[in-house]
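Participant: Provided below: query.txt, containing compact mmCIF, C-alpha atoms and all ligand atoms.
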# COMPACT_ATOMS: atom_id res chain seq x y z
CA MET A 101 0.00 0.00 0.00
CA SER A 102 1.42 3.35 -1.00
CA THR A 103 1.44 6.30 1.35
CA LEU A 104 1.08 8.45 -1.78
CA GLN A 105 -2.45 7.22 -2.47
CA ALA A 106 -5.71 7.95 -0.70
CA PRO A 107 -7.15 4.80 0.96
CA ARG A 108 -9.28 2.54 -1.24
CA GLY A 109 -12.83 3.82 -1.65
CA THR A 110 -11.87 7.38 -0.72
CA PHE A 111 -10.91 10.32 -2.90
CA ASP A 112 -9.50 13.81 -2.73
CA VAL A 113 -11.86 16.64 -3.52
CA LEU A 114 -9.71 18.72 -5.87
CA PRO A 115 -10.31 22.43 -6.47
CA GLU A 116 -12.44 21.98 -9.64
CA GLN A 117 -14.66 19.43 -7.89
CA SER A 118 -14.81 21.62 -4.86
CA ALA A 119 -16.40 24.35 -6.97
CA LEU A 120 -19.07 21.90 -8.23
CA ARG A 121 -19.80 20.69 -4.72
CA LEU A 122 -20.29 24.27 -3.66
CA ALA A 123 -23.14 24.48 -6.18
CA VAL A 124 -24.85 21.56 -4.41
CA GLU A 125 -24.38 23.23 -1.06
CA VAL A 126 -25.71 26.57 -2.29
CA ALA A 127 -28.84 24.97 -3.83
CA ALA A 128 -29.52 22.88 -0.72
CA ARG A 129 -29.07 25.80 1.61
CA ARG A 130 -31.27 28.12 -0.41
CA ILE A 131 -34.12 25.65 -0.82
CA LEU A 132 -34.03 24.21 2.69
CA GLU A 133 -33.54 27.45 4.58
CA ALA A 134 -36.43 29.02 2.67
CA ALA A 135 -38.55 26.20 4.13
CA GLY A 136 -37.36 26.89 7.70
CA TYR A 137 -34.57 24.31 7.99
CA ARG A 138 -31.46 25.39 9.90
CA ARG A 139 -28.03 23.85 9.56
CA ILE A 140 -26.62 21.45 12.13
CA GLU A 141 -23.25 19.71 12.39
CA THR A 142 -22.66 16.72 14.65
CA PRO A 143 -19.31 15.04 15.40
CA ALA A 144 -17.79 12.63 12.87
CA PHE A 145 -18.03 9.85 15.46
CA GLU A 146 -20.59 8.81 18.03
CA ASP A 147 -20.96 6.15 20.69
CA THR A 148 -21.36 2.92 18.74
CA ASP A 149 -24.74 2.28 20.39
CA VAL A 150 -26.24 5.30 18.64
CA PHE A 151 -26.08 3.33 15.38
CA ARG A 152 -26.41 -0.19 16.72
CA ARG A 153 -29.72 0.55 18.38
CA THR A 154 -31.26 2.50 15.50
CA VAL A 155 -29.81 1.43 12.15
CA GLY A 156 -30.39 -2.14 13.28
CA GLU A 157 -28.28 -5.17 14.25
CA SER A 158 -29.37 -7.13 11.20
CA THR A 159 -28.47 -4.49 8.59
CA ASP A 160 -25.38 -4.64 6.38
CA ILE A 161 -24.33 -1.31 7.84
CA VAL A 162 -24.13 -2.57 11.42
CA GLN A 163 -23.03 -6.10 10.54
CA LYS A 164 -20.15 -5.27 8.24
CA GLU A 165 -19.78 -1.65 7.25
CA MET A 166 -19.09 0.37 10.37
CA TYR A 167 -15.69 1.82 11.17
CA THR A 168 -15.75 1.05 14.87
CA PHE A 169 -12.81 1.59 17.19
CA VAL A 170 -12.01 1.71 20.88
CA ASP A 171 -10.61 5.04 22.02
CA GLY A 172 -7.90 5.66 24.62
CA GLY A 173 -10.54 5.62 27.36
CA GLY A 174 -11.85 2.19 26.37
CA ARG A 175 -15.11 3.49 24.78
CA SER A 176 -16.49 1.97 21.60
CA LEU A 177 -16.93 4.72 19.02
CA THR A 178 -18.04 4.59 15.39
CA LEU A 179 -17.44 6.94 12.47
CA ARG A 180 -20.97 7.92 11.45
CA PRO A 181 -22.32 5.69 8.66
CA GLU A 182 -25.34 8.01 8.50
CA ILE A 183 -26.48 11.18 10.20
CA THR A 184 -30.14 10.77 11.18
CA ALA A 185 -29.53 8.96 14.47
CA PRO A 186 -26.85 11.50 15.53
CA ILE A 187 -29.28 14.32 14.81
CA VAL A 188 -32.05 12.76 16.86
CA ARG A 189 -29.45 12.28 19.62
CA ALA A 190 -28.52 15.97 19.36
CA TYR A 191 -32.19 17.04 19.30
CA HIS A 192 -32.76 15.40 22.69
CA GLU A 193 -29.37 16.27 24.17
CA HIS A 194 -30.00 19.97 23.49
CA GLY A 195 -33.62 20.02 24.62
CA MET A 196 -34.94 20.87 21.16
CA HIS A 197 -38.22 19.14 22.09
CA LYS A 198 -38.93 22.33 24.07
CA LEU A 199 -38.82 24.46 20.91
CA ALA A 200 -41.76 24.99 18.56
CA GLN A 201 -42.26 21.72 16.68
CA PRO A 202 -41.32 20.38 14.27
CA VAL A 203 -37.66 21.34 14.54
CA LYS A 204 -36.27 21.37 11.01
CA LEU A 205 -32.56 20.72 10.58
CA TRP A 206 -30.36 20.28 7.53
CA TYR A 207 -26.78 19.09 7.16
CA LEU A 208 -23.90 18.59 4.79
CA SER A 209 -21.40 16.17 6.26
CA SER A 210 -19.31 13.13 5.46
CA CYS A 211 -20.28 9.54 6.24
CA PHE A 212 -18.17 6.41 6.45
CA ARG A 213 -19.14 2.89 5.37
CA TYR A 214 -16.83 -0.01 4.69
CA GLU A 215 -18.51 -0.94 1.40
CA ARG A 216 -17.20 -2.60 -1.75
CA ALA A 217 -15.76 0.40 -3.58
CA GLN A 218 -17.06 1.07 -7.10
CA ALA A 219 -18.30 4.00 -9.19
CA GLY A 220 -20.74 5.94 -7.03
CA ARG A 221 -19.99 3.88 -3.94
CA TYR A 222 -17.29 5.07 -1.61
CA ARG A 223 -16.05 4.46 1.90
CA GLN A 224 -16.14 8.13 2.76
CA PHE A 225 -18.88 10.09 1.02
CA TRP A 226 -20.84 13.26 1.63
CA GLN A 227 -24.53 13.64 2.27
CA ILE A 228 -26.83 16.58 2.25
CA GLY A 229 -29.86 15.85 4.34
CA ALA A 230 -32.89 17.27 6.05
CA GLU A 231 -34.71 16.10 9.16
CA ALA A 232 -38.01 17.45 10.53
CA ILE A 233 -38.43 16.21 14.08
CA GLY A 234 -41.46 16.46 16.36
CA SER A 235 -44.51 16.13 14.11
CA ASP A 236 -46.33 13.13 12.67
CA ASP A 237 -48.35 15.21 10.21
CA PRO A 238 -48.28 13.56 6.77
CA ALA A 239 -47.75 17.03 5.30
CA VAL A 240 -44.24 16.90 6.80
CA ASP A 241 -43.54 13.77 4.74
CA ALA A 242 -44.84 15.27 1.50
CA GLU A 243 -43.11 18.61 2.05
CA SER A 244 -39.80 16.95 2.83
CA ILE A 245 -39.95 14.81 -0.33
CA LEU A 246 -40.88 17.83 -2.46
CA LEU A 247 -37.89 19.74 -1.11
CA LEU A 248 -35.47 17.02 -2.20
CA ALA A 249 -37.19 16.92 -5.61
CA ALA A 250 -36.68 20.69 -5.90
CA ILE A 251 -32.96 20.39 -5.06
CA LEU A 252 -32.40 17.59 -7.60
CA ASP A 253 -34.29 19.60 -10.19
CA GLU A 254 -32.33 22.78 -9.52
CA LEU A 255 -29.06 20.88 -9.88
CA GLY A 256 -30.12 19.32 -13.19
CA VAL A 257 -30.04 15.70 -12.00
CA ARG A 258 -31.05 13.62 -15.01
CA GLY A 259 -33.56 10.78 -15.29
CA VAL A 260 -34.96 11.16 -11.79
CA ARG A 261 -37.62 8.72 -10.58
CA LEU A 262 -39.29 8.61 -7.22
CA ARG A 263 -40.34 5.35 -5.59
CA LEU A 264 -42.61 5.50 -2.60
CA SER A 265 -43.98 3.07 -0.06
CA SER A 266 -45.16 2.74 3.52
CA LEU A 267 -43.80 0.33 6.10
CA GLY A 268 -46.60 0.93 8.59
CA THR A 269 -46.00 0.91 12.32
CA PRO A 270 -44.05 -1.75 14.21
CA ALA A 271 -47.30 -3.48 15.22
CA SER A 272 -48.60 -3.90 11.67
CA ARG A 273 -45.10 -4.84 10.58
CA THR A 274 -44.84 -7.60 13.18
CA ARG A 275 -48.08 -9.13 11.94
CA TYR A 276 -46.89 -8.81 8.36
CA ARG A 277 -43.45 -10.26 9.13
CA GLU A 278 -45.09 -13.42 10.37
CA LEU A 279 -47.01 -13.76 7.12
CA LEU A 280 -43.87 -13.17 5.10
CA GLN A 281 -41.81 -15.59 7.19
CA ALA A 282 -44.46 -18.25 6.66
CA HIS A 283 -44.26 -17.65 2.89
CA LEU A 284 -40.45 -17.84 2.93
CA ARG A 285 -40.43 -21.02 5.03
CA ALA A 286 -42.93 -22.66 2.73
CA ASN A 287 -40.50 -22.00 -0.16
CA GLU A 288 -37.24 -22.37 1.73
CA ASP A 289 -35.60 -24.77 -0.76
CA ARG A 290 -35.78 -22.18 -3.57
CA LEU A 291 -34.14 -19.33 -1.60
CA SER A 292 -30.49 -18.26 -1.58
CA ALA A 293 -28.55 -19.35 1.50
CA ASP A 294 -28.19 -15.72 2.53
CA VAL A 295 -31.94 -15.07 2.50
CA ARG A 296 -32.66 -18.39 4.22
CA ASP A 297 -30.28 -17.44 7.04
CA ARG A 298 -32.13 -14.18 7.55
CA ILE A 299 -35.71 -15.46 7.60
CA ASP A 300 -35.86 -14.88 11.35
CA LEU A 301 -33.72 -11.78 11.59
CA ASN A 302 -34.68 -9.76 8.51
CA PRO A 303 -37.14 -11.39 6.12
CA LEU A 304 -37.84 -8.07 4.34
CA ARG A 305 -34.37 -8.10 2.82
CA ALA A 306 -35.51 -10.99 0.62
CA PHE A 307 -37.21 -8.39 -1.61
CA ASP A 308 -33.77 -6.95 -2.31
CA ALA A 309 -32.14 -10.22 -3.48
CA ASP A 310 -30.67 -10.75 -6.96
CA HIS A 311 -30.80 -14.54 -6.67
CA PRO A 312 -33.21 -15.89 -9.38
CA GLY A 313 -34.90 -18.51 -7.17
CA THR A 314 -35.47 -15.96 -4.40
CA ARG A 315 -36.86 -13.44 -6.87
CA GLU A 316 -39.30 -16.03 -8.15
CA VAL A 317 -40.47 -16.78 -4.60
CA MET A 318 -40.86 -13.09 -3.86
CA ARG A 319 -43.14 -12.58 -6.84
CA SER A 320 -45.96 -14.29 -4.97
CA ALA A 321 -45.00 -12.96 -1.51
CA PRO A 322 -47.57 -11.02 0.54
CA LEU A 323 -47.00 -7.25 0.45
CA LEU A 324 -46.83 -5.05 3.52
CA LEU A 325 -48.77 -2.29 1.76
CA ASP A 326 -51.78 -4.64 1.62
CA HIS A 327 -51.55 -5.19 5.38
CA LEU A 328 -51.26 -1.67 6.81
CA ASP A 329 -53.58 -0.81 9.67
CA ALA A 330 -56.21 1.88 9.17
CA ASP A 331 -54.18 4.81 10.61
CA ASP A 332 -51.10 3.95 8.58
CA ALA A 333 -53.15 3.53 5.43
CA GLU A 334 -54.76 6.93 5.97
CA HIS A 335 -51.39 8.57 6.64
CA PHE A 336 -50.04 7.09 3.41
CA ALA A 337 -53.09 8.15 1.42
CA THR A 338 -52.64 11.76 2.61
CA VAL A 339 -48.93 11.77 1.73
CA ARG A 340 -49.81 10.53 -1.75
CA ALA A 341 -52.58 13.04 -2.20
CA LEU A 342 -50.29 15.91 -1.19
CA LEU A 343 -47.48 14.76 -3.48
CA GLY A 344 -50.00 14.54 -6.30
CA ALA A 345 -51.29 18.02 -5.47
CA GLY A 346 -47.67 19.21 -5.49
CA GLY A 347 -47.29 17.89 -9.03
CA LEU A 348 -44.68 15.27 -8.19
CA GLU A 349 -44.76 12.00 -10.12
CA TYR A 350 -43.99 8.82 -8.22
CA GLU A 351 -44.34 5.08 -8.45
CA ILE A 352 -45.64 3.03 -5.58
CA ASP A 353 -43.13 0.28 -4.93
CA ALA A 354 -44.45 -2.10 -2.32
CA THR A 355 -41.09 -3.87 -2.24
CA LEU A 356 -39.00 -0.79 -1.54
CA VAL A 357 -36.45 -1.81 1.06
CA ARG A 358 -34.21 0.71 2.76
CA GLY A 359 -30.91 -0.38 4.25
CA LEU A 360 -31.76 0.98 7.70
CA ASP A 361 -34.18 -0.47 10.23
CA TYR A 362 -35.51 2.66 11.91
CA TYR A 363 -38.21 3.50 9.37
CA THR A 364 -41.93 3.55 10.09
CA ARG A 365 -44.70 4.53 7.67
CA THR A 366 -43.44 6.55 4.66
CA VAL A 367 -40.26 5.46 2.88
CA PHE A 368 -38.99 6.72 -0.45
CA GLU A 369 -36.04 6.74 -2.79
CA PHE A 370 -35.02 8.93 -5.72
CA THR A 371 -33.02 7.10 -8.36
CA SER A 372 -31.39 8.43 -11.50
CA ASP A 373 -31.28 6.60 -14.83
CA ALA A 374 -27.99 8.40 -15.47
CA LEU A 375 -26.27 6.32 -12.78
CA GLY A 376 -25.16 2.71 -13.09
CA SER A 377 -25.91 0.04 -10.52
CA GLN A 378 -25.61 2.52 -7.64
CA SER A 379 -28.65 4.41 -8.84
CA GLY A 380 -29.92 5.73 -5.49
CA VAL A 381 -29.43 9.48 -5.43
CA GLY A 382 -31.30 10.14 -2.22
CA GLY A 383 -33.77 8.53 0.07
CA GLY A 384 -35.35 8.58 3.45
CA GLY A 385 -38.59 8.29 5.30
CA ARG A 386 -40.33 8.56 8.60
CA TYR A 387 -38.71 7.26 11.79
CA ASP A 388 -41.26 7.69 14.56
CA GLY A 389 -39.62 5.07 16.81
CA LEU A 390 -35.99 6.16 16.51
CA ALA A 391 -35.91 8.46 19.55
CA GLU A 392 -37.27 5.69 21.76
CA GLN A 393 -34.58 3.32 20.43
CA LEU A 394 -32.07 5.86 21.77
CA GLY A 395 -33.79 5.99 25.16
CA ALA A 396 -35.76 9.24 24.71
CA GLY A 397 -39.55 9.67 24.75
CA HIS A 398 -41.75 9.15 21.71
CA THR A 399 -40.73 11.70 19.05
CA PRO A 400 -41.89 11.38 15.46
CA GLY A 401 -39.46 12.38 12.72
CA MET A 402 -39.12 12.45 8.95
CA GLY A 403 -36.20 13.15 6.67
CA TRP A 404 -33.87 12.15 3.88
CA ALA A 405 -30.27 12.23 2.77
CA ALA A 406 -28.77 12.45 -0.71
CA GLY A 407 -25.22 11.61 -1.75
CA ILE A 408 -23.33 14.59 -3.12
CA GLU A 409 -21.06 12.45 -5.32
CA ARG A 410 -24.07 10.70 -6.87
CA ILE A 411 -25.85 14.02 -7.44
CA LEU A 412 -22.79 15.29 -9.32
CA LEU A 413 -22.44 12.07 -11.33
CA ALA A 414 -26.10 12.27 -12.37
CA ALA A 415 -26.28 16.03 -12.94
CA GLU A 416 -25.88 17.83 -16.23
CA GLU A 417 -22.36 19.07 -16.82
CA ARG A 418 -21.93 22.57 -15.61
CA PRO A 419 -18.97 24.87 -16.17
CA VAL A 420 -16.51 25.10 -13.33
CA PRO A 421 -16.36 28.76 -12.33
CA GLU A 422 -12.88 30.27 -12.70
CA PRO A 423 -11.42 31.88 -9.60
CA VAL A 424 -11.55 35.66 -9.94
CA CYS A 425 -8.41 37.76 -9.73
CA ASP A 426 -9.02 41.47 -10.13
CA LEU A 427 -5.53 42.55 -9.18
CA TYR A 428 -2.19 40.87 -9.63
CA VAL A 429 0.55 42.54 -7.62
CA ALA A 430 3.90 42.23 -9.38
CA VAL A 431 7.27 43.32 -8.03
CA ALA A 432 9.94 44.98 -10.18
CA GLY A 433 13.40 44.43 -8.75
CA ASP A 434 14.29 42.49 -5.65
CA GLY A 435 14.53 45.24 -3.03
CA GLU A 436 13.11 44.51 0.38
CA ALA A 437 11.16 47.80 0.37
CA GLU A 438 9.34 46.97 -2.91
CA ARG A 439 8.53 43.45 -1.74
CA THR A 440 7.03 44.81 1.48
CA ALA A 441 5.10 47.51 -0.41
CA ALA A 442 3.72 44.86 -2.77
CA PHE A 443 2.74 42.66 0.15
CA LEU A 444 0.91 45.58 1.80
CA LEU A 445 -0.81 46.58 -1.45
CA ALA A 446 -2.25 43.08 -1.91
CA ALA A 447 -3.44 43.06 1.71
CA GLU A 448 -5.03 46.50 1.35
CA ALA A 449 -6.80 45.44 -1.85
CA ARG A 450 -8.27 42.36 -0.14
CA ARG A 451 -9.43 44.45 2.81
CA ALA A 452 -11.30 46.59 0.30
CA GLY A 453 -12.95 43.46 -1.11
CA VAL A 454 -10.79 43.17 -4.24
CA PRO A 455 -9.69 39.58 -5.08
CA ALA A 456 -5.92 40.08 -5.28
CA GLN A 457 -2.90 37.82 -5.68
CA LEU A 458 0.70 38.58 -4.93
CA GLU A 459 3.75 37.36 -6.84
CA LEU A 460 5.18 34.56 -4.68
CA ALA A 461 7.55 32.66 -6.94
CA GLY A 462 10.39 35.07 -7.65
CA ARG A 463 9.47 35.39 -11.38
CA SER A 464 10.96 37.95 -13.77
CA VAL A 465 8.65 40.87 -14.62
CA LYS A 466 7.84 39.13 -17.92
CA GLY A 467 7.09 35.92 -16.05
CA GLN A 468 4.86 37.83 -13.67
CA PHE A 469 2.82 39.25 -16.55
CA LYS A 470 2.45 35.74 -17.95
CA GLN A 471 1.22 34.54 -14.58
CA ALA A 472 -1.22 37.48 -14.38
CA ALA A 473 -2.55 36.55 -17.83
CA ARG A 474 -2.99 32.91 -16.72
CA LEU A 475 -5.06 34.12 -13.79
CA ARG A 476 -6.99 36.44 -16.12
CA ALA A 477 -6.19 39.34 -13.83
CA ARG A 478 -8.07 42.50 -14.71
CA TYR A 479 -5.24 44.77 -13.47
CA VAL A 480 -1.56 44.30 -12.72
CA ALA A 481 0.12 46.60 -10.21
CA ILE A 482 3.90 46.81 -10.73
CA VAL A 483 5.53 47.83 -7.49
CA GLY A 484 9.04 49.21 -8.19
CA PRO A 485 11.64 51.53 -6.64
CA THR A 486 9.85 54.59 -8.05
CA GLY A 487 6.33 53.67 -6.93
CA ILE A 488 3.31 51.80 -8.28
CA GLU A 489 2.26 51.53 -11.92
CA LEU A 490 -1.16 50.11 -12.66
CA LYS A 491 -1.79 48.29 -15.92
CA ASP A 492 -5.33 47.74 -17.17
CA MET A 493 -5.03 44.32 -18.84
CA GLU A 494 -8.08 44.90 -21.04
CA SER A 495 -7.11 48.27 -22.54
CA GLY A 496 -3.35 47.80 -22.16
CA GLU A 497 -3.14 51.27 -20.63
CA GLN A 498 -0.49 51.72 -17.92
CA THR A 499 -0.60 54.68 -15.51
CA PRO A 500 1.23 55.58 -12.31
CA ALA A 501 -0.81 55.34 -9.10
CA GLU A 502 -0.19 58.02 -6.50
CA SER A 503 -0.55 55.66 -3.56
CA PRO A 504 -1.61 52.11 -2.73
CA SER A 505 -5.11 53.41 -1.88
CA ALA A 506 -5.35 55.20 -5.22
CA ALA A 507 -4.38 51.95 -7.01
CA VAL A 508 -7.03 50.01 -5.08
CA ALA A 509 -9.63 52.71 -5.80
CA THR A 510 -8.93 52.45 -9.55
CA VAL A 511 -9.32 48.66 -9.45
CA LEU A 512 -12.58 49.00 -7.51
CA ARG A 513 -13.93 51.50 -10.07
CA GLY A 514 -12.95 49.07 -12.83
CA ARG A 515 -14.79 46.25 -11.06
CA PHE A 516 -18.01 48.18 -10.73
CA ALA A 517 -17.78 49.44 -14.30
CA ALA A 518 -17.43 45.85 -15.57
P1 LIG B 601 -29.14 5.96 2.76
O1 LIG B 601 -30.09 5.56 1.70
O2 LIG B 601 -28.32 4.91 3.40
O3 LIG B 601 -29.98 6.75 3.84
O4 LIG B 601 -28.15 7.04 2.17
C1 LIG B 601 -28.64 8.21 1.54
C2 LIG B 601 -27.86 8.50 0.27
O5 LIG B 601 -26.46 8.54 0.55
C3 LIG B 601 -27.99 7.43 -0.81
O6 LIG B 601 -29.17 7.63 -1.57
C4 LIG B 601 -26.75 7.69 -1.64
O7 LIG B 601 -26.94 8.78 -2.53
C5 LIG B 601 -25.75 8.12 -0.59
N1 LIG B 601 -24.86 7.00 -0.25
C6 LIG B 601 -25.10 5.99 0.62
N2 LIG B 601 -24.04 5.16 0.70
C7 LIG B 601 -23.11 5.67 -0.15
C8 LIG B 601 -21.77 5.26 -0.51
N3 LIG B 601 -21.18 4.20 0.02
N4 LIG B 601 -21.11 6.03 -1.41
C9 LIG B 601 -21.70 7.12 -1.96
N5 LIG B 601 -22.93 7.55 -1.64
C10 LIG B 601 -23.63 6.83 -0.75
C11 LIG B 601 -29.48 7.33 4.97
O8 LIG B 601 -28.31 7.48 5.18
C12 LIG B 601 -30.53 7.88 5.88
N6 LIG B 601 -29.88 8.49 7.04
C13 LIG B 601 -31.41 8.86 5.15
C14 LIG B 601 -32.47 9.43 6.03
C15 LIG B 601 -32.46 10.67 6.59
N7 LIG B 601 -33.57 8.83 6.41
C16 LIG B 601 -34.26 9.66 7.21
N8 LIG B 601 -33.58 10.76 7.34
Mind turning the file's structure into structure tokens?

Facilitator:
Amino acid sequence: MSTLQAPRGTFDVLPEQSALRLAVEVAARRILEAAGYRRIETPAFEDTDVFRRTVGESTDIVQKEMYTFVDGGGRSLTLRPEITAPIVRAYHEHGMHKLAQPVKLWYLSSCFRYERAQAGRYRQFWQIGAEAIGSDDPAVDAESILLLAAILDELGVRGVRLRLSSLGTPASRTRYRELLQAHLRANEDRLSADVRDRIDLNPLRAFDADHPGTREVMRSAPLLLDHLDADDAEHFATVRALLGAGGLEYEIDATLVRGLDYYTRTVFEFTSDALGSQSGVGGGGRYDGLAEQLGAGHTPGMGWAAGIERILLAAEERPVPEPVCDLYVAVAGDGEAERTAAFLLAAEARRAGVPAQLELAGRSVKGQFKQAARLRARYVAIVGPTGIELKDMESGEQTPAESPSAAVATVLRGRFAA
């Protein structure tokens, strides 16, 4: 393993990509904050129990994907594989249940999962997400889904489809699980070994299997959506009606399985046809039991997360904005006094709000002009033994500046004129 390579499944965010990611952040912030969401940031690691109790012991995430370690004090900590459970933890830790409900929080943070690395699937990746905690109103579900749709639309994500389902409440799910387990047991010999081993622990995952025999068995399996209790069915009907009223197209997918166990009622996923096998751009749902799993009182919640890398892979190409340089400060000669004057001029320009760069590589004057041209500088200030000359790179005109402030004032006038 080379120490000159990022670890497998991770990547460096280089300056060009950083500019594109900023576009995702700006769109998310604008759309979510306009709907009353405020940004939150939790630590990169949590007590391992935060995830074990909520994401679920039987999930791939808890069984094989968590980066768990013991710290110097003997505590088991885990790099967050997701951010919903930490946010519900923070909501209770900071007494947010005392605020007007629901409390609406958004985030942009990295997550860590030890997954098989491939295009669109990484071991450290970034999510934008939104959580509305403290209300079980189905309008929260519909609004939250519409907000993610608006963000994907604004960013030009191609071939977007929305799949929607309801998982009901734990009580209706327990009844349904028994039905499903009976169906799986009756067809046990046709299932993959993996699915057979999980009949007791997680029979729902059978819907997710690629194995041909299992898929065949699942075609005639009972569906949870047909076994919701009356309240859950009504909640789901209202979510659907509101999404319809909001003009959002969706498909009902009774077999939609999310990789986390904390969901109740609404679940959904946005996929993009522009992505390969890792087609999930964003997903989420309602998690009315999550707070209790963490030891807090009953607190309904609803939210989603979307992967920034997948959004960018699925979005239309957009130009990478060039960094702006309005003033390049060049030095003529190698006197200490000129170098200091140039340094101070660049600092003064920046204080006045002018994007300015200083010569830092000991280039000749000709080399400095070449560098200024590379940066597309609007003006070059040449600081020499006799004072400052300011060259307008568009007109080619070069004039002496009486003082550093006068040079900065000229550049500022040029900026506003442009
Ligand atoms: P999730 O579906 O596990 O849900 O992840 C959300 C999104 O994160 C996925 O749709 C995908 O875009 C991205 N993602 C997941 N794993 C990877 C990976 N290994 N590499 C790149 N991108 C990835 C959650 O995490 C829930 N916390 C969502 C939620 C919020 N539910 C309620 N509130």

Participant: Each residue of chain A with at least one atom at most 6 Å from ligand LIG 601 (chain B) should appear once, together with its nearest atom pair and the corresponding distance in Å (one decimal); atoms considered: all atoms listed in the file; ordering: chain, then increasing residue number; output as JSON lines.

Facilitator:
{"residue": "A:Glu182", "atom": "CA", "partner": "B:LIG601", "partner_atom": "O8", "distance": 4.5}
{"residue": "A:Ile183", "atom": "CA", "partner": "B:LIG601", "partner_atom": "N6", "distance": 5.4}
{"residue": "A:Thr184", "atom": "CA", "partner": "B:LIG601", "partner_atom": "N6", "distance": 4.7}
{"residue": "A:Arg213", "atom": "CA", "partner": "B:LIG601", "partner_atom": "N3", "distance": 5.9}
{"residue": "A:Glu215", "atom": "CA", "partner": "B:LIG601", "partner_atom": "N3", "distance": 6.0}
{"residue": "A:Gly220", "atom": "CA", "partner": "B:LIG601", "partner_atom": "C9", "distance": 5.3}
{"residue": "A:Arg221", "atom": "CA", "partner": "B:LIG601", "partner_atom": "N4", "distance": 3.5}
{"residue": "A:Tyr222", "atom": "CA", "partner": "B:LIG601", "partner_atom": "N4", "distance": 3.9}
{"residue": "A:Arg223", "atom": "CA", "partner": "B:LIG601", "partner_atom": "N3", "distance": 5.5}
{"residue": "A:Phe225", "atom": "CA", "partner": "B:LIG601", "partner_atom": "C9", "distance": 5.1}
{"residue": "A:Gln227", "atom": "CA", "partner": "B:LIG601", "partner_atom": "O5", "distance": 5.7}
{"residue": "A:Glu231", "atom": "CA", "partner": "B:LIG601", "partner_atom": "N8", "distance": 5.8}
{"residue": "A:Gly359", "atom": "CA", "partner": "B:LIG601", "partner_atom": "O2", "distance": 6.0}
{"residue": "A:Gly380", "atom": "CA", "partner": "B:LIG601", "partner_atom": "O6", "distance": 4.4}
{"residue": "A:Val381", "atom": "CA", "partner": "B:LIG601", "partner_atom": "O7", "distance": 3.9}
{"residue": "A:Gly382", "atom": "CA", "partner": "B:LIG601", "partner_atom": "O6", "distance": 3.4}
{"residue": "A:Gly383", "atom": "CA", "partner": "B:LIG601", "partner_atom": "O6", "distance": 5.0}
{"residue": "A:Gly384", "atom": "CA", "partner": "B:LIG601", "partner_atom": "N7", "distance": 3.5}
{"residue": "A:Gly385", "atom": "CA", "partner": "B:LIG601", "partner_atom": "C16", "distance": 4.9}
{"residue": "A:Met402", "atom": "CA", "partner": "B:LIG601", "partner_atom": "C16", "distance": 5.9}
{"residue": "A:Gly403", "atom": "CA", "partner": "B:LIG601", "partner_atom": "N8", "distance": 3.6}
{"residue": "A:Trp404", "atom": "CA", "partner": "B:LIG601", "partner_atom": "C15", "distance": 3.4}
{"residue": "A:Ala405", "atom": "CA", "partner": "B:LIG601", "partner_atom": "C13", "distance": 4.3}
{"residue": "A:Ala406", "atom": "CA", "partner": "B:LIG601", "partner_atom": "C2", "distance": 4.2}
{"residue": "A:Gly407", "atom": "CA", "partner": "B:LIG601", "partner_atom": "O7", "distance": 3.4}
{"residue": "A:Arg410", "atom": "CA", "partner": "B:LIG601", "partner_atom": "O7", "distance": 5.5}

Participant: So the first atom is CA of Glu392 in chain A and the second is CA of Ala144 in chain A; what is the distance between them in Å, to one decimal place?

Facilitator: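 Computing it gives 22.5 Å between the two atoms.
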
Participant: Take CA of Arg189 in chain A and CA of Trp206 in chain A and report the distance between them in Å, one decimal.

Facilitator: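 Separating CA of Arg189 in chain A from CA of Trp206 in chain A is a distance of 14.5 Å.
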
Participant: Given the choices A:Leu284, A:Gly172, A:Thr364, A:Ser266, which gets closest to Leu324 in chain A if the distance is worked out from all atoms listed in the file?

Facilitator: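 For Leu324 in chain A, the nearest of the given residues is A:Ser266.
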
Participant: In Å to one decimal, how far is CA of Arg513 in chain A from CA of Thr486 in chain A?

Facilitator: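 Between CA of Thr486 in chain A and CA of Arg513 in chain A the gap is 24.1 Å.
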
Participant: Under the rule that only C-alpha atoms are counted, which of A:Met318, A:Leu279, A:Met196, A:Ile411 is the nearest residue to Gly256 in chain A?

Facilitator: A:Ile411

Participant: For range 468-485 of chain A, list every protein, DNA or RNA residue within 6 Å, evaluated using only C-alpha atoms, and leave out those in the same chain fewer than 4 positions away; present the list as a VMD selection string.

Facilitator: chain A and resid 425 to 432 438 442 463 489 to 493

Participant: Put those residues in a file: C-alpha atoms, as an mmCIF file, in the frame of the given file.

Facilitator:
data_model
loop_
_atom_site.group_PDB
_atom_site.id
_atom_site.type_symbol
_atom_site.label_atom_id
_atom_site.label_comp_id
_atom_site.auth_asym_id
_atom_site.auth_seq_id
_atom_site.Cartn_x
_atom_site.Cartn_y
_atom_site.Cartn_z
ATOM 1 C CA CYS A 425 -8.410 37.760 -9.730
ATOM 2 C CA ASP A 426 -9.020 41.470 -10.130
ATOM 3 C CA LEU A 427 -5.530 42.550 -9.180
ATOM 4 C CA TYR A 428 -2.190 40.870 -9.630
ATOM 5 C CA VAL A 429 0.550 42.540 -7.620
ATOM 6 C CA ALA A 430 3.900 42.230 -9.380
ATOM 7 C CA VAL A 431 7.270 43.320 -8.030
ATOM 8 C CA ALA A 432 9.940 44.980 -10.180
ATOM 9 C CA GLU A 438 9.340 46.970 -2.910
ATOM 10 C CA ALA A 442 3.720 44.860 -2.770
ATOM 11 C CA ARG A 463 9.470 35.390 -11.380
ATOM 12 C CA GLU A 489 2.260 51.530 -11.920
ATOM 13 C CA LEU A 490 -1.160 50.110 -12.660
ATOM 14 C CA LYS A 491 -1.790 48.290 -15.920
ATOM 15 C CA ASP A 492 -5.330 47.740 -17.170
ATOM 16 C CA MET A 493 -5.030 44.320 -18.840
#
